[in-house]
>>> print(open('query.txt').read())   # compact mmCIF, C-alpha atoms
# COMPACT_ATOMS: atom_id res chain seq x y z
CA MET L 13 13.06 10.51 0.39
CA GLU L 14 14.84 9.32 3.53
CA THR L 15 13.59 12.31 5.55
CA GLU L 16 10.04 11.68 4.42
CA ILE L 17 10.25 7.98 5.30
CA TYR L 18 11.30 8.85 8.85
CA SER L 19 8.54 11.47 9.22
CA GLN L 20 5.73 8.95 8.88
CA GLY L 21 5.33 8.09 12.57
CA GLN L 22 4.19 11.62 13.39
CA ILE L 23 1.89 11.84 10.36
CA VAL L 24 0.14 8.58 11.26
CA GLU L 25 -0.16 9.60 14.90
CA ASP L 26 -1.80 12.88 13.87
CA LEU L 27 -4.38 11.04 11.73
CA ILE L 28 -5.20 8.63 14.55
CA LYS L 29 -5.62 11.47 17.05
CA LYS L 30 -7.85 13.37 14.62
CA TYR L 31 -10.28 10.55 13.86
CA VAL L 32 -10.12 8.06 16.75
CA ILE L 33 -11.72 9.19 20.02
CA ASN L 34 -12.02 6.69 22.89
CA TYR L 35 -11.29 3.87 20.42
CA CYS L 36 -14.19 4.91 18.15
CA VAL L 37 -13.71 6.36 14.67
CA LEU L 38 -15.53 9.64 14.07
CA MET L 39 -15.88 10.76 10.44
CA ASP L 40 -18.53 11.73 7.91
CA ILE L 41 -19.29 8.83 5.55
CA PRO L 42 -22.54 7.34 4.18
CA ILE L 43 -24.43 5.17 6.67
CA GLU L 44 -25.57 2.58 4.12
CA ILE L 45 -22.78 1.20 1.92
CA ASN L 46 -23.58 -1.87 -0.18
CA ARG L 47 -20.45 -1.95 -2.30
CA ILE L 48 -17.22 0.02 -2.74
CA SER L 49 -15.22 0.81 -5.88
CA ILE L 50 -11.73 2.27 -5.41
CA ILE L 51 -10.28 4.22 -8.33
CA ALA L 52 -6.68 5.47 -8.43
CA ALA L 53 -3.30 5.35 -10.18
CA GLY L 54 0.31 4.57 -9.24
CA SER L 55 1.01 4.28 -5.51
CA SER L 56 -2.56 5.39 -4.81
CA TYR L 57 -3.79 2.31 -6.71
CA ASN L 58 -1.49 0.11 -4.60
CA ALA L 59 -2.92 1.72 -1.45
CA GLY L 60 -6.33 0.85 -2.89
CA ILE L 61 -5.41 -2.85 -2.86
CA PHE L 62 -4.81 -2.50 0.89
CA GLY L 63 -8.18 -0.74 1.05
CA LYS L 64 -9.89 -3.69 -0.63
CA CYS L 65 -8.43 -6.00 2.05
CA PHE L 66 -9.58 -3.65 4.82
CA PHE L 67 -13.13 -3.23 3.49
CA GLU L 68 -13.66 -6.91 2.85
CA LYS L 69 -12.00 -8.27 6.00
CA ILE L 70 -12.94 -5.59 8.53
CA SER L 71 -16.22 -4.16 7.17
CA ASN L 72 -17.50 -7.14 5.16
CA VAL L 73 -18.17 -4.95 2.10
CA GLU L 74 -17.51 -6.22 -1.43
CA THR L 75 -14.82 -4.03 -2.99
CA SER L 76 -13.17 -3.62 -6.38
CA VAL L 77 -10.07 -1.62 -7.34
CA ASN L 78 -9.70 -0.04 -10.77
CA PHE L 79 -7.08 2.03 -12.55
CA ALA L 80 -8.26 5.60 -13.05
CA SER L 81 -7.12 5.57 -16.68
CA GLU L 82 -9.38 2.60 -17.45
CA ILE L 83 -12.40 4.41 -16.02
CA ALA L 84 -11.49 7.72 -17.65
CA ASN L 85 -11.10 6.16 -21.10
CA SER L 86 -14.05 3.76 -20.91
CA THR L 87 -17.35 4.45 -22.68
CA PHE L 88 -19.23 3.04 -19.66
CA SER L 89 -21.24 5.71 -17.84
CA ASN L 90 -23.96 3.83 -15.89
CA PHE L 91 -22.37 3.99 -12.46
CA ASP L 92 -24.24 2.32 -9.60
CA LYS L 93 -25.84 4.83 -7.21
CA ASN L 94 -25.70 2.22 -4.40
CA THR L 95 -21.91 1.94 -4.70
CA LEU L 96 -19.54 4.28 -2.88
CA TYR L 97 -16.76 5.36 -5.25
CA ILE L 98 -13.51 6.15 -3.45
CA LEU L 99 -11.06 8.12 -5.57
CA ILE L 100 -7.48 8.56 -4.38
CA SER L 101 -4.94 11.12 -5.57
CA GLN L 102 -2.11 12.69 -3.58
CA SER L 103 -2.30 15.92 -5.57
CA GLY L 104 -6.05 15.82 -6.14
CA GLU L 105 -5.24 16.87 -9.70
CA SER L 106 -4.17 13.59 -11.36
CA ILE L 107 -5.55 13.84 -14.88
CA ASP L 108 -7.07 10.37 -15.16
CA THR L 109 -8.49 10.40 -11.64
CA VAL L 110 -10.12 13.84 -12.06
CA CYS L 111 -11.66 12.67 -15.33
CA ALA L 112 -12.97 9.48 -13.69
CA MET L 113 -14.48 11.53 -10.84
CA ASN L 114 -16.27 13.82 -13.28
CA LYS L 115 -17.80 10.85 -15.14
CA ILE L 116 -19.02 9.22 -11.94
CA LYS L 117 -20.53 12.43 -10.54
CA GLU L 118 -22.28 13.17 -13.85
CA SER L 119 -24.05 9.81 -13.51
CA GLY L 120 -25.40 10.80 -10.10
CA ALA L 121 -23.30 8.39 -8.00
CA LYS L 122 -21.56 9.49 -4.80
CA VAL L 123 -17.82 10.10 -4.64
CA LEU L 124 -15.45 10.03 -1.65
CA CYS L 125 -12.05 11.62 -2.18
CA ILE L 126 -8.77 10.97 -0.34
CA THR L 127 -6.06 13.52 -1.13
CA ASN L 128 -3.15 15.52 0.26
CA ASN L 129 -4.35 18.81 -1.20
CA LEU L 130 -7.23 20.82 0.30
CA GLU L 131 -7.19 23.22 -2.65
CA SER L 132 -7.44 20.52 -5.32
CA THR L 133 -10.17 19.97 -7.87
CA MET L 134 -11.02 16.58 -6.41
CA TYR L 135 -11.29 17.81 -2.83
CA LYS L 136 -13.54 20.70 -3.82
CA ASN L 137 -15.90 18.55 -5.92
CA ALA L 138 -16.21 15.33 -3.87
CA ASP L 139 -19.35 14.49 -1.89
CA TYR L 140 -17.22 13.18 0.99
CA LYS L 141 -13.61 14.27 1.40
CA PHE L 142 -10.60 13.44 3.54
CA ASP L 143 -7.26 15.25 3.70
CA ILE L 144 -4.37 12.97 4.75
CA ASN L 145 -2.46 16.08 5.87
CA ALA L 146 0.98 14.61 5.16
CA GLY L 147 2.60 17.86 4.08
CA ARG L 148 4.22 18.51 0.72
CA GLU L 149 6.07 15.47 -0.57
CA LYS L 150 9.32 16.59 -2.18
CA ALA L 151 10.59 13.20 -3.34
CA ILE L 152 8.98 11.83 -6.50
CA ALA L 153 8.48 8.33 -5.06
CA ALA L 154 5.49 8.48 -2.69
CA THR L 155 6.32 7.41 0.86
CA LYS L 156 4.58 9.44 3.58
CA THR L 157 1.52 10.12 1.42
CA TYR L 158 1.25 6.41 0.68
CA SER L 159 1.30 5.39 4.34
CA ALA L 160 -1.15 8.14 5.27
CA THR L 161 -3.51 6.99 2.52
CA VAL L 162 -3.36 3.39 3.74
CA VAL L 163 -4.18 4.57 7.28
CA MET L 164 -7.10 6.68 6.00
CA LEU L 165 -8.53 3.67 4.14
CA TRP L 166 -8.17 1.60 7.31
CA LEU L 167 -9.98 4.29 9.33
CA ILE L 168 -12.86 4.36 6.85
CA ALA L 169 -13.09 0.54 6.95
CA VAL L 170 -13.20 0.56 10.75
CA LYS L 171 -15.86 3.30 10.69
CA ILE L 172 -18.03 1.26 8.30
CA ALA L 173 -17.64 -1.78 10.57
CA GLN L 174 -18.54 0.36 13.56
CA ASN L 175 -21.70 1.59 11.78
CA LYS L 176 -22.64 -2.06 11.12
CA HIS L 177 -22.12 -2.93 14.80
CA ILE L 178 -19.16 -5.19 14.00
CA ASP L 179 -16.72 -5.61 16.90
CA ILE L 180 -13.71 -3.37 16.12
CA SER L 181 -11.86 -3.81 19.41
CA GLN L 182 -9.09 -5.95 17.90
CA GLU L 183 -8.58 -3.41 15.13
CA THR L 184 -8.21 -0.43 17.45
CA LYS L 185 -6.28 -2.29 20.16
CA ASN L 186 -3.13 -0.36 21.16
CA ILE L 187 -3.90 2.22 18.48
CA TYR L 188 -2.68 5.15 20.57
CA SER L 189 0.79 3.61 20.91
CA ILE L 190 1.33 3.39 17.15
CA ARG L 191 3.94 6.19 17.09
CA ASN L 192 6.07 4.53 19.79
CA ASN L 193 5.77 1.24 17.94
CA PHE L 194 6.99 2.89 14.74
CA ASP L 195 9.97 4.58 16.40
CA ALA L 196 11.09 1.32 18.04
CA PHE L 197 10.62 -0.73 14.87
CA ILE L 198 12.62 1.51 12.56
CA LYS L 199 15.76 1.10 14.71
CA ASP L 200 15.63 -2.69 14.75
CA ILE L 201 15.51 -4.33 11.31
CA ASP L 202 17.89 -7.25 10.75
CA ASN L 203 19.75 -7.78 7.46
CA ILE L 204 18.15 -4.96 5.45
CA ASP L 205 21.53 -3.57 4.34
CA PHE L 206 22.74 -7.05 3.39
CA ALA L 207 19.54 -7.62 1.38
CA ALA L 208 19.87 -4.22 -0.34
CA LYS L 209 23.43 -5.07 -1.40
CA PHE L 210 22.31 -8.47 -2.73
CA LEU L 211 19.26 -7.16 -4.63
CA SER L 212 21.14 -4.16 -6.07
CA LYS L 213 23.21 -6.62 -8.12
CA ARG L 214 20.13 -8.14 -9.77
CA LYS L 215 18.85 -6.89 -13.14
CA SER L 216 15.37 -8.18 -12.32
CA PHE L 217 13.48 -10.12 -9.67
CA SER L 218 9.94 -11.05 -8.70
CA ILE L 219 8.12 -9.94 -5.55
CA LEU L 220 5.42 -12.24 -4.17
CA GLY L 221 2.67 -11.96 -1.57
CA LEU L 222 -0.82 -13.06 -0.60
CA GLY L 223 -3.64 -10.81 0.66
CA TYR L 224 -2.18 -7.82 2.50
CA ASN L 225 1.27 -9.00 1.44
CA TYR L 226 0.29 -8.84 -2.25
CA ALA L 227 -0.66 -5.18 -1.76
CA LEU L 228 2.75 -4.71 -0.17
CA SER L 229 4.43 -6.52 -3.08
CA LEU L 230 2.88 -4.13 -5.59
CA GLU L 231 4.19 -1.10 -3.74
CA ALA L 232 7.63 -2.64 -3.18
CA ALA L 233 7.96 -3.39 -6.90
CA LEU L 234 6.90 0.15 -7.84
CA LYS L 235 9.25 1.81 -5.33
CA ILE L 236 12.26 -0.22 -6.49
CA LYS L 237 11.46 0.44 -10.16
CA GLU L 238 10.99 4.16 -9.56
CA THR L 239 14.20 4.66 -7.60
CA SER L 240 16.63 1.99 -8.92
CA TYR L 241 15.30 1.20 -12.43
CA ILE L 242 15.49 -2.54 -11.65
CA ALA L 243 12.83 -4.60 -13.46
CA THR L 244 10.74 -5.77 -10.54
CA SER L 245 7.33 -7.42 -10.95
CA ALA L 246 4.75 -8.22 -8.26
CA TYR L 247 2.55 -11.32 -8.26
CA PRO L 248 0.00 -12.87 -5.91
CA MET L 249 1.76 -15.85 -4.31
CA GLY L 250 -0.88 -18.35 -5.47
CA GLU L 251 -1.03 -16.98 -9.03
CA PHE L 252 2.75 -17.11 -9.43
CA ILE L 253 2.81 -20.91 -9.72
CA HIS L 254 0.39 -20.77 -12.69
CA GLY L 255 3.07 -20.20 -15.29
CA HIS L 256 4.77 -17.09 -13.94
CA PHE L 257 7.32 -19.04 -11.94
CA ALA L 258 8.94 -20.01 -15.24
CA LEU L 259 10.59 -16.59 -14.86
CA LEU L 260 12.80 -18.14 -12.20
CA ASN L 261 14.55 -20.10 -14.96
CA LYS L 262 16.01 -16.74 -16.01
CA GLU L 263 16.05 -14.24 -13.13
CA ASN L 264 16.37 -16.88 -10.37
CA THR L 265 15.66 -14.42 -7.54
CA PHE L 266 12.56 -13.40 -5.63
CA LEU L 267 11.50 -11.37 -2.60
CA THR L 268 8.50 -12.29 -0.47
CA PHE L 269 6.76 -11.54 2.83
CA VAL L 270 5.76 -13.98 5.57
CA ASN L 271 3.90 -12.92 8.71
CA GLY L 272 3.05 -14.79 11.87
CA ASP L 273 -0.56 -14.99 10.67
CA CYS L 274 0.23 -16.34 7.18
CA SER L 275 -1.78 -19.37 6.08
CA GLU L 276 -0.41 -22.88 5.75
CA THR L 277 -1.12 -22.61 2.03
CA GLU L 278 1.20 -19.61 1.69
CA LEU L 279 4.04 -21.38 3.50
CA LYS L 280 3.63 -24.48 1.31
CA LEU L 281 3.74 -22.35 -1.83
CA LEU L 282 6.92 -20.66 -0.62
CA ASP L 283 8.54 -24.01 0.10
CA LYS L 284 7.50 -25.33 -3.32
CA ILE L 285 8.96 -22.37 -5.19
CA ILE L 286 12.28 -22.52 -3.31
CA ASN L 287 12.69 -26.28 -3.64
CA THR L 288 11.56 -26.52 -7.28
CA TYR L 289 13.82 -23.82 -8.66
CA LYS L 290 16.56 -23.59 -6.02
CA SER L 291 16.02 -19.85 -6.38
CA LYS L 292 17.87 -17.13 -4.54
CA SER L 293 15.34 -15.83 -2.06
CA VAL L 294 14.89 -12.88 0.29
CA VAL L 295 12.14 -13.32 2.87
CA VAL L 296 10.79 -10.49 5.03
CA SER L 297 9.28 -11.86 8.24
CA ASP L 298 8.32 -11.09 11.82
CA VAL L 299 8.85 -14.77 12.72
CA TYR L 300 12.18 -16.37 13.64
CA GLU L 301 12.35 -19.01 10.91
CA ASP L 302 14.81 -19.44 8.08
CA TYR L 303 12.25 -20.73 5.53
CA ASN L 304 15.25 -22.28 3.76
CA CYS L 305 15.85 -18.82 2.25
CA ASP L 306 19.14 -17.09 1.42
CA ILE L 307 18.46 -13.85 3.30
CA LEU L 308 15.93 -13.26 6.08
CA ILE L 309 15.02 -9.64 6.79
CA LYS L 310 13.69 -9.84 10.34
CA PHE L 311 11.48 -7.12 11.80
CA ASN L 312 9.33 -6.78 14.90
CA ALA L 313 5.57 -7.04 14.49
CA GLY L 314 3.43 -4.16 15.71
CA GLN L 315 1.01 -4.31 18.61
CA SER L 316 -1.91 -4.34 16.18
CA LYS L 317 -2.55 -5.44 12.60
CA ILE L 318 -2.41 -1.91 11.20
CA ALA L 319 0.85 -1.24 13.11
CA THR L 320 2.44 -4.35 11.58
CA ILE L 321 1.29 -3.33 8.09
CA LEU L 322 2.78 0.14 8.54
CA ASN L 323 6.04 -1.39 9.75
CA MET L 324 6.24 -3.50 6.60
CA ILE L 325 5.41 -0.53 4.36
CA VAL L 326 8.25 1.49 5.89
CA LEU L 327 10.57 -1.51 5.59
CA VAL L 328 10.04 -1.83 1.81
CA GLN L 329 10.47 1.93 1.42
CA LEU L 330 13.80 1.76 3.25
CA LEU L 331 14.84 -1.27 1.20
CA ALA L 332 14.09 0.58 -2.06
CA PHE L 333 15.98 3.62 -0.79
CA LYS L 334 19.03 1.58 0.22
CA ILE L 335 19.12 -0.29 -3.12
CA ALA L 336 18.99 3.02 -5.03
CA VAL L 337 21.73 4.58 -2.92
CA ARG L 338 23.99 1.57 -3.55
CA LEU L 339 23.40 2.04 -7.28
CA LYS L 340 24.13 5.78 -6.92
CA LYS L 341 20.72 6.79 -8.27
CA ASN L 342 19.06 10.12 -7.57
CA VAL L 343 16.27 8.85 -5.31
CA ASP L 344 14.58 12.26 -4.98
CA ASN L 345 14.37 12.98 -8.69
CA PRO L 346 14.43 9.76 -10.77
CA LYS L 347 15.29 10.28 -14.43
CA GLY L 348 12.28 10.82 -16.65
CA LEU L 349 9.76 10.52 -13.80
CA ASN L 350 7.37 13.17 -12.54
CA LYS L 351 3.96 13.37 -10.97
CA VAL L 352 1.25 13.46 -13.65
CA VAL L 353 -1.22 16.18 -12.71
CA LYS L 354 -3.67 18.47 -14.42
CA GLY L 355 -1.83 21.13 -16.33
CA GLY L 356 1.54 19.38 -16.29
>>> encode(input="query.txt", output="structure tokens")
Amino acid sequence: METEIYSQGQIVEDLIKKYVINYCVLMDIPIEINRISIIAAGSSYNAGIFGKCFFEKISNVETSVNFASEIANSTFSNFDKNTLYILISQSGESIDTVCAMNKIKESGAKVLCITNNLESTMYKNADYKFDINAGREKAIAATKTYSATVVMLWLIAVKIAQNKHIDISQETKNIYSIRNNFDAFIKDIDNIDFAAKFLSKRKSFSILGLGYNYALSLEAALKIKETSYIATSAYPMGEFIHGHFALLNKENTFLTFVNGDCSETELKLLDKIINTYKSKSVVVSDVYEDYNCDILIKFNAGQSKIATILNMIVLVQLLAFKIAVRLKKNVDNPKGLNKVVKGG
């Protein structure tokens, strides 16, 4: 798992070089896209939440994200032919996702597939297809395939925006220096070991975020559950105060993310949660503020939005890894966990 975390800079750089030429994204996707539906499971679903943010904020396309199992087991079959269905599976053989793809294609709607397997059922049968080319992932917990999928979704969002003549210059700014940014970032994270030690002693805690940070919270919670067996739950920051924060009466600990571009609303919610419950708090931020928290994990922002997002993804992967190691868990082969694919 650790080796695969550290390999991500090269994988992302290769994707950028493949699809971005002179700051323009070149790829085969439909010209007219009215709506997008992302369908996936596990870490691929969490990547899809990032995709929803990208498509709505960058491309201005309404987007939904659904669990593959819900589509596969639904009796609904009237899929909209004006919607682009994006199905994500690292193996390209995930049982629920393959079943969902078959149902959608049978209705006559178009399917775009993102996978890490050129020989897979999904790659062979999709109308549009993209290989993230991350190499075989040996650890059970997805790391490099997750980051590569997020980057591929970002590339597709930028391409759609480009087709709609939306200015993408801020999105692609400094894009060719993303590998150097990654290498510098990974050597300079403050307090991550201290936070891992603190969180490893908790039986449960909540992880909160808003927008992109909610997508990050979902993946952080999954990674920590998969590798450490700690009961972590992710919530949108705003939704948490609608009853869920009663959990702090029991677990009394939470982890959250604050960026330099966070809204005033998000900061007020954070302050309210800390002051109301006097909770133990770990805040991950690229801003030098204490937020009245117990532990501040400080990292350096990237030179672009996507670079900062990738930095934060790698940070939560490292945090999950360090927590698991402290608990002496087998991070590469968690007990009772395997990748659910066709035939096994």
>>> closest_residue(input="query.txt", among="L:Asn94, L:Thr75, L:Asn287, L:Ser86", to="L:Ile43", atoms="only C-alpha atoms")
L:Asn94
>>> residues_around(input="query.txt", residues="stretch 20-22 of chain L", least_positions_apart="6", cutoff="9 Å", atoms="all atoms listed in the file", output="list in words")
Ala146, Thr155, Lys156, Thr157, Ser159, Ala160, Ile190, Arg191, Asn192, Asn193, Phe194, Asp195 and Val326 of chain L
>>> atom_distance(input="query.txt", atom1="atom CA of L:Leu281", atom2="atom CA of L:Ala336")
29.8 Å
>>> residues_around(input="query.txt", residues="L:Arg214", least_positions_apart="6", cutoff="12 Å", atoms="only C-alpha atoms", output="list in words")
Ala207, Ala208, Ile236, Ser240, Tyr241, Ile242, Ala243, Thr244, Lys262, Glu263, Asn264, Thr265, Phe266, Leu267, Lys292, Ser293, Ile335 and Leu339 of chain L
>>> atom_distance(input="query.txt", atom1="atom CA of L:Phe88", atom2="atom CA of L:Ala52")
17.0 Å
>>> atom_distance(input="query.txt", atom1="atom CA of L:Ile201", atom2="atom CA of L:Leu234")
21.5 Å
>>> closest_residue(input="query.txt", among="L:Lys340, L:Val328, L:Val163, L:Ser316", to="L:Val32", atoms="all atoms listed in the file")
L:Val163
>>> axis_aligned_box(input="query.txt", around="stretch 133-140 of chain L", padding_each_side="8 Å", output="lines of an AutoDock Vina configuration file")
center_x = -14.8
center_y = 16.9
center_z = -3.4
size_x = 25.2
size_y = 23.5
size_z = 24.9
>>> closest_residue(input="query.txt", among="L:Ser229, L:Asn186, L:Ser297, L:Asn85", to="L:Asp108", atoms="only C-alpha atoms")
L:Asn85
>>> residues_around(input="query.txt", residues="L:Lys30", least_positions_apart="5", cutoff="12 Å", atoms="all atoms listed in the file", output="number ranges by chain")
L: 23-25, 35-39, 142-145, 164, 167, 188
>>> write_last_selection(input="query.txt", atoms="C-alpha atoms", output="short mmCIF file (atom, residue, chain, number, x, y, z; two decimals), in the frame of the given file")
data_model
loop_
_atom_site.label_atom_id
_atom_site.label_comp_id
_atom_site.auth_asym_id
_atom_site.auth_seq_id
_atom_site.Cartn_x
_atom_site.Cartn_y
_atom_site.Cartn_z
CA ILE L 23 1.89 11.84 10.36
CA VAL L 24 0.14 8.58 11.26
CA GLU L 25 -0.16 9.60 14.90
CA TYR L 35 -11.29 3.87 20.42
CA CYS L 36 -14.19 4.91 18.15
CA VAL L 37 -13.71 6.36 14.67
CA LEU L 38 -15.53 9.64 14.07
CA MET L 39 -15.88 10.76 10.44
CA PHE L 142 -10.60 13.44 3.54
CA ASP L 143 -7.26 15.25 3.70
CA ILE L 144 -4.37 12.97 4.75
CA ASN L 145 -2.46 16.08 5.87
CA MET L 164 -7.10 6.68 6.00
CA LEU L 167 -9.98 4.29 9.33
CA TYR L 188 -2.68 5.15 20.57
#
>>> residues_around(input="query.txt", residues="stretch 13-15 of chain L", least_positions_apart="3", cutoff="8 Å", atoms="all atoms listed in the file", output="list of chain:residue names")
L:Tyr18, L:Ser19, L:Lys150, L:Ala151, L:Ala153, L:Thr155, L:Leu330, L:Phe333, L:Val343, L:Asp344
